[in-house]
$ cat target06.csv   # CSV, C-alpha atoms
chain,number,residue,atom,x,y,z
A,983,MET,CA,74.0,111.7,113.8
A,984,ARG,CA,74.4,113.2,110.3
A,985,ARG,CA,75.5,110.8,107.6
A,986,ALA,CA,78.6,111.9,105.8
A,987,HIS,CA,78.1,112.1,102.0
A,988,ARG,CA,79.7,113.5,98.9
A,989,THR,CA,78.1,115.0,95.8
A,990,GLN,CA,78.8,115.8,92.1
A,991,ARG,CA,82.0,114.0,91.4
A,992,THR,CA,83.5,110.7,92.5
A,993,HIS,CA,86.6,110.8,94.6
A,994,ARG,CA,88.6,108.9,92.0
A,995,THR,CA,87.6,111.4,89.3
A,996,ARG,CA,88.8,114.2,91.6
A,997,ARG,CA,92.1,112.5,92.1
A,998,VAL,CA,92.6,111.9,88.4
A,999,HIS,CA,91.8,115.5,87.6
A,1000,ARG,CA,94.1,116.7,90.3
A,1001,THR,CA,97.0,114.5,89.1
A,1002,VAL,CA,96.7,115.7,85.5
A,1003,ALA,CA,96.5,119.3,86.7
A,1004,SER,CA,99.5,119.0,89.0
A,1005,ALA,CA,101.6,117.1,86.4
A,1006,GLY,CA,101.1,119.7,83.7
A,1007,GLY,CA,104.1,119.8,81.6
A,1008,LEU,CA,105.6,116.8,83.4
A,1009,LEU,CA,103.3,114.5,81.3
A,1010,LEU,CA,105.5,115.1,78.3
A,1011,ALA,CA,108.6,114.3,80.3
A,1012,THR,CA,107.0,111.0,81.5
A,1013,ALA,CA,106.6,110.1,77.9
A,1014,LEU,CA,110.3,109.1,78.1
A,1015,ALA,CA,109.7,106.9,81.1
A,1016,CYS,CA,109.6,103.1,81.4
A,1017,THR,CA,110.8,102.1,78.0
A,1018,GLY,CA,112.4,98.8,77.1
A,1019,THR,CA,111.9,95.6,75.2
A,1020,ALA,CA,108.3,94.5,74.9
A,1021,TYR,CA,107.3,91.4,76.8
A,1022,ALA,CA,105.4,88.6,75.1
A,1023,ALA,CA,104.4,85.2,76.4
A,1024,PRO,CA,106.3,82.3,74.9
A,1025,ALA,CA,104.7,80.7,71.8
A,1026,GLY,CA,102.0,78.3,72.7
A,1027,VAL,CA,101.8,79.4,76.4
A,1028,PRO,CA,98.6,81.1,77.4
A,1029,ALA,CA,99.1,84.6,78.8
A,1030,ALA,CA,97.3,83.7,82.0
A,1031,SER,CA,99.6,80.8,82.6
A,1032,THR,CA,102.6,83.0,82.1
A,1033,ALA,CA,101.2,85.6,84.5
A,1034,SER,CA,100.6,82.9,87.1
A,1035,ALA,CA,104.2,81.6,86.7
A,1036,ALA,CA,105.5,85.2,87.0
A,1037,ALA,CA,103.5,85.8,90.1
A,1038,ALA,CA,105.0,82.7,91.7
A,1039,ASP,CA,108.5,84.0,90.9
A,1040,CYS,CA,107.9,87.5,92.3
A,1041,ARG,CA,109.1,87.5,95.9
A,1042,ALA,CA,112.0,88.7,97.9
A,1043,LEU,CA,114.9,86.4,96.9
A,1044,THR,CA,117.2,87.2,99.8
A,1045,GLY,CA,116.6,88.3,103.4
A,1046,ALA,CA,115.1,91.7,104.0
A,1047,PRO,CA,113.6,93.8,106.9
A,1048,ALA,CA,109.9,93.5,107.4
A,1049,GLN,CA,109.2,96.9,105.8
A,1050,ALA,CA,111.2,96.0,102.7
A,1051,GLN,CA,109.5,92.6,102.5
A,1052,ALA,CA,106.1,94.4,102.6
A,1053,ILE,CA,107.1,96.7,99.7
A,1054,VAL,CA,108.1,93.7,97.6
A,1055,ASP,CA,104.9,91.9,98.5
A,1056,ALA,CA,102.8,94.9,97.5
A,1057,ALA,CA,104.6,95.3,94.1
A,1058,CYS,CA,104.3,91.6,93.4
A,1059,SER,CA,100.6,91.6,94.1
A,1060,GLN,CA,100.2,93.6,90.9
A,1061,ILE,CA,102.0,91.0,88.6
A,1062,GLY,CA,100.0,90.7,85.4
A,1063,VAL,CA,98.4,94.1,85.6
A,1064,PRO,CA,98.8,96.1,82.3
A,1065,TYR,CA,101.2,98.9,81.9
A,1066,SER,CA,99.4,102.2,81.3
A,1067,TRP,CA,101.3,105.5,80.8
A,1068,GLY,CA,100.4,107.8,83.6
A,1069,GLY,CA,98.2,105.1,85.2
A,1070,GLY,CA,98.1,104.0,88.8
A,1071,SER,CA,97.9,105.6,92.3
A,1072,ILE,CA,98.6,104.6,95.9
A,1073,HIS,CA,95.2,102.8,95.8
A,1074,GLY,CA,95.9,100.6,92.8
A,1075,PRO,CA,95.6,100.6,89.0
A,1076,THR,CA,93.8,103.5,87.2
A,1077,TYR,CA,93.2,104.4,83.5
A,1078,GLY,CA,96.3,106.2,82.1
A,1079,GLN,CA,96.9,108.8,79.4
A,1080,ASP,CA,97.3,108.4,75.7
A,1081,TYR,CA,101.0,108.4,75.0
A,1082,PRO,CA,101.6,111.4,72.6
A,1083,GLY,CA,104.3,109.5,70.7
A,1084,GLY,CA,101.8,107.0,69.5
A,1085,GLY,CA,102.8,103.3,69.3
A,1086,PRO,CA,101.4,100.8,71.8
A,1087,GLY,CA,100.6,103.6,74.3
A,1088,ALA,CA,98.4,105.6,71.9
A,1089,HIS,CA,95.3,104.3,73.7
A,1090,ASP,CA,96.5,104.0,77.3
A,1091,SER,CA,93.5,106.1,78.4
A,1092,GLN,CA,91.5,102.9,77.8
A,1093,VAL,CA,94.0,100.7,79.7
A,1094,ARG,CA,93.7,100.3,83.5
A,1095,GLY,CA,97.1,99.8,85.0
A,1096,PHE,CA,100.4,101.3,86.2
A,1097,ASP,CA,103.3,103.1,84.8
A,1098,CYS,CA,106.7,102.5,86.4
A,1099,SER,CA,106.7,105.3,89.0
A,1100,HIS,CA,103.1,104.7,90.1
A,1101,LEU,CA,103.8,101.0,90.7
A,1102,VAL,CA,106.7,102.0,92.9
A,1103,GLN,CA,104.6,104.6,94.6
A,1104,TYR,CA,101.8,102.1,95.2
A,1105,ALA,CA,104.2,99.5,96.6
A,1106,ALA,CA,105.9,102.0,99.0
A,1107,TRP,CA,102.6,103.2,100.3
A,1108,GLN,CA,100.7,100.0,100.6
A,1109,GLY,CA,103.6,98.0,101.9
A,1110,ALA,CA,105.2,100.4,104.3
A,1111,GLY,CA,103.1,103.6,104.5
A,1112,ILE,CA,105.9,105.5,102.8
A,1113,SER,CA,104.7,108.5,100.7
A,1114,LEU,CA,106.8,108.9,97.6
A,1115,PRO,CA,106.5,111.9,95.2
A,1116,GLU,CA,105.1,111.6,91.6
A,1117,GLY,CA,107.5,110.9,88.8
A,1118,SER,CA,110.5,108.6,88.6
A,1119,TRP,CA,113.0,111.5,88.6
A,1120,ASN,CA,111.4,113.0,91.7
A,1121,GLN,CA,111.5,109.6,93.4
A,1122,ALA,CA,115.1,109.2,92.5
A,1123,GLN,CA,115.9,112.4,94.4
A,1124,TRP,CA,113.6,111.8,97.3
A,1125,SER,CA,115.0,113.4,100.5
A,1126,GLY,CA,113.7,110.6,102.7
A,1127,ALA,CA,116.1,108.0,101.2
A,1128,THR,CA,118.0,106.1,104.0
A,1129,ALA,CA,120.8,105.0,101.7
A,1130,ARG,CA,122.0,105.6,98.1
A,1131,PHE,CA,124.0,103.4,95.8
A,1132,SER,CA,125.9,104.5,92.7
A,1133,ARG,CA,126.2,102.5,89.5
A,1134,ALA,CA,129.7,101.7,90.5
A,1135,ASP,CA,128.4,99.9,93.6
A,1136,GLY,CA,126.6,97.4,91.5
A,1137,LEU,CA,124.0,95.1,93.0
A,1138,ALA,CA,126.1,93.6,95.8
A,1139,PRO,CA,125.0,96.0,98.6
A,1140,LEU,CA,121.3,96.1,97.6
A,1141,GLN,CA,118.5,94.4,99.5
A,1142,PRO,CA,114.9,93.5,98.3
A,1143,GLY,CA,112.7,96.6,98.4
A,1144,ASP,CA,115.4,99.0,97.2
A,1145,LEU,CA,114.5,101.1,94.1
A,1146,LEU,CA,116.5,100.7,90.9
A,1147,LEU,CA,117.0,103.7,88.6
A,1148,TRP,CA,117.8,104.3,84.9
A,1149,GLY,CA,118.5,107.7,83.3
A,1150,THR,CA,119.6,109.2,80.1
A,1151,ASN,CA,122.6,110.6,82.1
A,1152,PRO,CA,123.2,108.3,85.0
A,1153,SER,CA,125.2,110.9,86.8
A,1154,ASN,CA,122.2,113.3,86.8
A,1155,LEU,CA,119.2,112.0,88.9
A,1156,ASN,CA,117.0,114.5,87.2
A,1157,SER,CA,117.3,112.5,84.0
A,1158,VAL,CA,115.9,109.3,85.6
A,1159,HIS,CA,113.1,107.9,83.4
A,1160,HIS,CA,112.6,104.4,84.8
A,1161,ILE,CA,112.3,102.9,88.3
A,1162,ALA,CA,111.7,99.4,89.6
A,1163,VAL,CA,111.7,97.4,92.8
A,1164,TYR,CA,114.6,95.1,93.5
A,1165,LEU,CA,113.9,91.5,94.5
A,1166,GLY,CA,117.4,90.2,95.1
A,1167,ASN,CA,119.7,87.9,93.1
A,1168,GLY,CA,119.7,90.2,90.1
A,1169,LYS,CA,115.9,90.2,89.7
A,1170,MET,CA,113.4,93.1,89.8
A,1171,VAL,CA,109.6,93.7,89.4
A,1172,GLU,CA,108.7,96.5,87.1
A,1173,ALA,CA,106.0,98.2,85.0
A,1174,ARG,CA,108.1,98.5,81.9
A,1175,GLU,CA,106.3,100.0,78.9
A,1176,SER,CA,102.9,100.1,77.1
A,1177,GLY,CA,101.8,96.8,75.7
A,1178,THR,CA,103.4,94.8,78.6
A,1179,LEU,CA,102.3,93.6,82.0
A,1180,VAL,CA,103.8,94.2,85.4
A,1181,MET,CA,106.6,91.6,85.3
A,1182,VAL,CA,109.7,90.1,86.9
A,1183,SER,CA,112.8,90.9,84.9
A,1184,ASP,CA,116.6,90.6,85.1
A,1185,VAL,CA,118.1,93.9,86.3
A,1186,ARG,CA,119.5,95.7,83.2
A,1187,MET,CA,123.0,96.8,84.1
A,1188,ASN,CA,123.3,98.8,80.9
A,1189,ALA,CA,124.8,102.2,80.2
A,1190,GLN,CA,121.7,104.0,81.6
A,1191,TYR,CA,121.7,102.2,85.0
A,1192,ALA,CA,121.9,105.1,87.5
A,1193,GLY,CA,122.1,103.2,90.8
A,1194,ALA,CA,119.5,102.7,93.6
A,1195,LEU,CA,118.1,104.1,96.7
A,1196,ARG,CA,116.8,102.5,99.9
A,1197,ILE,CA,113.5,103.9,101.3
A,1198,VAL,CA,113.1,101.9,104.5
A,1199,GLY,CA,114.6,102.2,107.9
A,1200,GLY,CA,114.2,105.9,108.5
A,1201,GLY,CA,111.5,108.4,109.6
A,1202,GLU,CA,109.5,108.5,112.8
A,1203,GLN,CA,107.1,105.7,113.7
A,1204,PRO,CA,103.4,106.5,113.5
A,1205,PRO,CA,101.6,107.0,116.8
A,1206,ALA,CA,100.0,103.8,118.3
A,1207,ASN,CA,96.5,102.9,117.2
A,1208,THR,CA,96.6,105.2,114.2
A,1209,LYS,CA,96.0,104.5,110.5
A,1210,ARG,CA,98.0,106.3,107.8
A,1211,PHE,CA,96.3,108.1,104.9
A,1212,MET,CA,97.4,110.6,102.2
A,1213,THR,CA,95.8,114.1,102.0
A,1214,TRP,CA,95.3,115.9,98.7
A,1215,GLY,CA,95.3,119.6,97.8
A,1216,THR,CA,97.5,122.5,98.8
A,1217,ASP,CA,97.3,124.7,101.9
A,1218,VAL,CA,94.7,122.5,103.6
A,1219,SER,CA,93.6,123.9,107.0
A,1220,LEU,CA,94.0,122.1,110.2
A,1221,ARG,CA,91.5,123.1,112.9
A,1222,PRO,CA,91.5,123.0,116.7
A,1223,ASP,CA,87.9,121.6,116.6
A,1224,PRO,CA,85.9,119.5,114.0
A,1225,GLY,CA,84.6,122.7,112.4
A,1226,THR,CA,85.6,126.0,110.8
A,1227,ALA,CA,84.4,128.5,113.5
A,1228,ARG,CA,87.9,128.9,115.0
A,1229,PRO,CA,91.0,129.9,113.0
A,1230,PRO,CA,93.3,127.2,111.7
A,1231,VAL,CA,96.2,126.0,113.9
A,1232,GLY,CA,98.2,125.1,110.8
A,1233,THR,CA,98.1,124.1,107.2
A,1234,LEU,CA,99.3,121.2,105.0
A,1235,PRO,CA,101.1,123.0,102.1
A,1236,ARG,CA,101.0,119.9,99.8
A,1237,PRO,CA,99.7,116.3,99.8
A,1238,THR,CA,101.0,114.8,103.0
A,1239,ALA,CA,101.0,111.4,104.8
A,1240,VAL,CA,99.0,111.8,108.0
A,1241,ASP,CA,98.2,109.4,110.8
A,1242,VAL,CA,94.5,109.4,111.9
A,1243,LEU,CA,93.6,108.4,115.4
A,1244,CYS,CA,89.8,108.7,115.2
A,1245,GLN,CA,87.0,110.5,113.4
A,1246,THR,CA,83.8,112.2,114.3
A,1247,HIS,CA,80.8,114.0,112.8
A,1248,GLY,CA,81.1,117.7,113.1
A,1249,GLU,CA,80.4,120.8,111.1
A,1250,VAL,CA,79.1,120.2,107.6
A,1251,VAL,CA,81.8,121.3,105.1
A,1252,ARG,CA,81.1,122.2,101.4
A,1253,ALA,CA,84.3,122.3,99.4
A,1254,GLU,CA,85.8,121.0,96.1
A,1255,GLY,CA,82.3,119.9,94.9
A,1256,TYR,CA,81.8,117.7,98.1
A,1257,VAL,CA,79.6,117.9,101.2
A,1258,ASN,CA,80.8,116.0,104.2
A,1259,ASP,CA,80.4,116.4,108.0
A,1260,ALA,CA,83.2,113.9,108.9
A,1261,TRP,CA,86.4,115.1,110.5
A,1262,SER,CA,89.6,113.2,111.5
A,1263,TYR,CA,91.9,113.8,114.4
A,1264,LEU,CA,95.6,114.0,113.7
A,1265,PRO,CA,97.6,113.5,116.9
A,1266,LYS,CA,100.9,114.6,115.4
A,1267,TYR,CA,99.4,118.1,114.9
A,1268,ASN,CA,96.9,118.0,117.7
A,1269,ALA,CA,94.4,119.2,115.2
A,1270,TRP,CA,91.4,118.1,113.0
A,1271,ILE,CA,91.1,117.9,109.2
A,1272,SER,CA,87.9,117.6,107.1
A,1273,ASN,CA,87.7,114.1,105.6
A,1274,ILE,CA,87.1,115.8,102.3
A,1275,TYR,CA,90.8,116.3,102.1
A,1276,ILE,CA,91.7,112.7,103.0
A,1277,ASP,CA,92.6,110.8,99.8
A,1278,ASP,CA,90.3,107.8,100.2
A,1279,PRO,CA,87.3,106.8,98.2
A,1280,ALA,CA,85.1,106.6,101.4
A,1281,ALA,CA,83.8,109.7,103.1
A,1282,TRP,CA,83.8,107.9,106.4
A,1283,LEU,CA,87.3,106.4,106.7
A,1284,PRO,CA,87.4,102.6,106.8
A,1285,GLY,CA,89.1,101.1,109.8
A,1286,VAL,CA,89.2,104.3,111.8
A,1287,PRO,CA,87.2,104.3,115.1
A,1288,ASN,CA,84.8,107.0,116.3
A,1289,CYS,CA,86.4,109.6,118.6

$ encode --input "target06.csv" --output "structure tokens"
Amino acid sequence: MRRAHRTQRTHRTRRVHRTVASAGGLLLATALACTGTAYAAPAGVPAASTASAAAADCRALTGAPAQAQAIVDAACSQIGVPYSWGGGSIHGPTYGQDYPGGGPGAHDSQVRGFDCSHLVQYAAWQGAGISLPEGSWNQAQWSGATARFSRADGLAPLQPGDLLLWGTNPSNLNSVHHIAVYLGNGKMVEARESGTLVMVSDVRMNAQYAGALRIVGGGEQPPANTKRFMTWGTDVSLRPDPGTARPPVGTLPRPTAVDVLCQTHGEVVRAEGYVNDAWSYLPKYNAWISNIYIDDPAAWLPGVPNC
């Protein structure tokens, strides 16, 4: 049996480079995201004590379906993690980007944490296996939403796990610049701005509040005994066998959530600066994908059995 291995770059480095490349001009747009009043611990109270108290307060405050509860739990698990502009992924905090406008975010490339949209993306993925797009404005317009609520609806119809939105023009979801996870009873968990920590806040029903969306309760259920992962890259080939000798049976045009049944050692693949002989079987497609294109730090996927 050949041992799967990677070379040259770490997987996390690849993901960061890919995110920066794919974001391109969107990075400047995200400069407007996640702004608000800076958070500070009360005078005389250690920051660690404040973070512990905030973590205890971060929970679903009204009843919610299991998927929604899991999203809240995932978001609340990051209480006390620093805000970092452009930071975070579905796997957890990452170093961000230096905010071009200066101020507290001028050195966020040295801060390991989350911005608002990556905290929401992390919570949706880790909690419920829901793959949200990058950027708060894209998340606001996500086609997989199972319900939408306008600013006129207020908070009454919302449940924990719903995503709250703020935009410069609340009637235009493309202007959304901040997003947070609702806890119930007028509370939310958010990554607010540089210089603060992931925190519980009162929902700000101000002039920029743009409503909310629900992301649970829809979509097909994953096949039994599978584990969900994200892919990366564009036009990734799916093969009829764990190798490249036969033509692809399909492609994944963009990063996609896939359900892996099992994995095996097959043809050695050299691509994207990596070498790996591990392949995963995707029952939905009745096809195989090289593990190089599975977005996980491990070359041999954890928790996935041998085929």

$ residues_around --input "target06.csv" --residues "A:Ala1194" --least-positions-apart "2" --cutoff "8 Å" --atoms "only C-alpha atoms" --output "PyMOL selection string"
chain A and resi 1122+1130-1133+1140+1144-1147+1192+1196

$ atom_distance --input "target06.csv" --atom1 "atom CA of A:Gly1117" --atom2 "atom CA of A:Ser1272"
27.6 Å

$ atom_distance --input "target06.csv" --atom1 "atom CA of A:Gly1285" --atom2 "atom CA of A:Ser1071"
20.1 Å

$ closest_residue --input "target06.csv" --among "A:Gln1092, A:Thr1178, A:Asn1167, A:Ser1113" --to "A:Arg1041" --atoms "all atoms listed in the file"
A:Asn1167

$ closest_residue --input "target06.csv" --among "A:Val1163, A:Ala1227, A:Val1250, A:Leu1243" --to "A:Leu1283" --atoms "only C-alpha atoms"
A:Leu1243

$ atom_distance --input "target06.csv" --atom1 "atom CA of A:Ala1239" --atom2 "atom CA of A:Phe1211"
5.7 Å

$ residues_around --input "target06.csv" --residues "stretch 1072-1074 of chain A" --least-positions-apart "2" --cutoff "9 Å" --atoms "only C-alpha atoms" --output "PyMOL selection string"
chain A and resi 1060+1070+1076+1095-1096+1100-1101+1103-1108+1113+1212+1278

$ residues_around --input "target06.csv" --residues "A:Gln1049" --least-positions-apart "5" --cutoff "8 Å" --atoms "all atoms listed in the file" --output "compact mmCIF listing (two decimals) with C-alpha atoms, in the frame of the given file"
# COMPACT_ATOMS: atom_id res chain seq x y z
CA GLY A 1109 103.60 98.00 101.90
CA ALA A 1110 105.20 100.40 104.30
CA VAL A 1198 113.10 101.90 104.50
CA GLY A 1199 114.60 102.20 107.90

$ residues_around --input "target06.csv" --residues "A:Trp1067" --least-positions-apart "2" --cutoff "10 Å" --atoms "all atoms listed in the file" --output "ChimeraX atom specification"
/A:1009,1012-1013,1015-1016,1064-1065,1069-1070,1077-1081,1087-1091,1093-1100,1173-1176

$ residues_near_point --input "target06.csv" --point "(120.5, 102.4, 86.1)" --cutoff "9 Å" --atoms "only C-alpha atoms" --output "PyMOL selection string"
chain A and resi 1132-1133+1146-1149+1152+1158+1160-1161+1185-1194

$ residues_around --input "target06.csv" --residues "stretch 1125-1127 of chain A" --least-positions-apart "2" --cutoff "7 Å" --atoms "all atoms listed in the file" --output "number ranges by chain"
A: 1123, 1129, 1195-1197

$ closest_residue --input "target06.csv" --among "A:Ile1276, A:Gly1166, A:Asn1258, A:Trp1270" --to "A:Trp1214" --atoms "all atoms listed in the file"
A:Ile1276

$ closest_residue --input "target06.csv" --among "A:Asn1268, A:Thr1216, A:Thr1128, A:Asn1156" --to "A:Gly1200" --atoms "all atoms listed in the file"
A:Thr1128

$ closest_residue --input "target06.csv" --among "A:His1247, A:Lys1169, A:His1159, A:Arg1210" --to "A:Lys1266" --atoms "all atoms listed in the file"
A:Arg1210
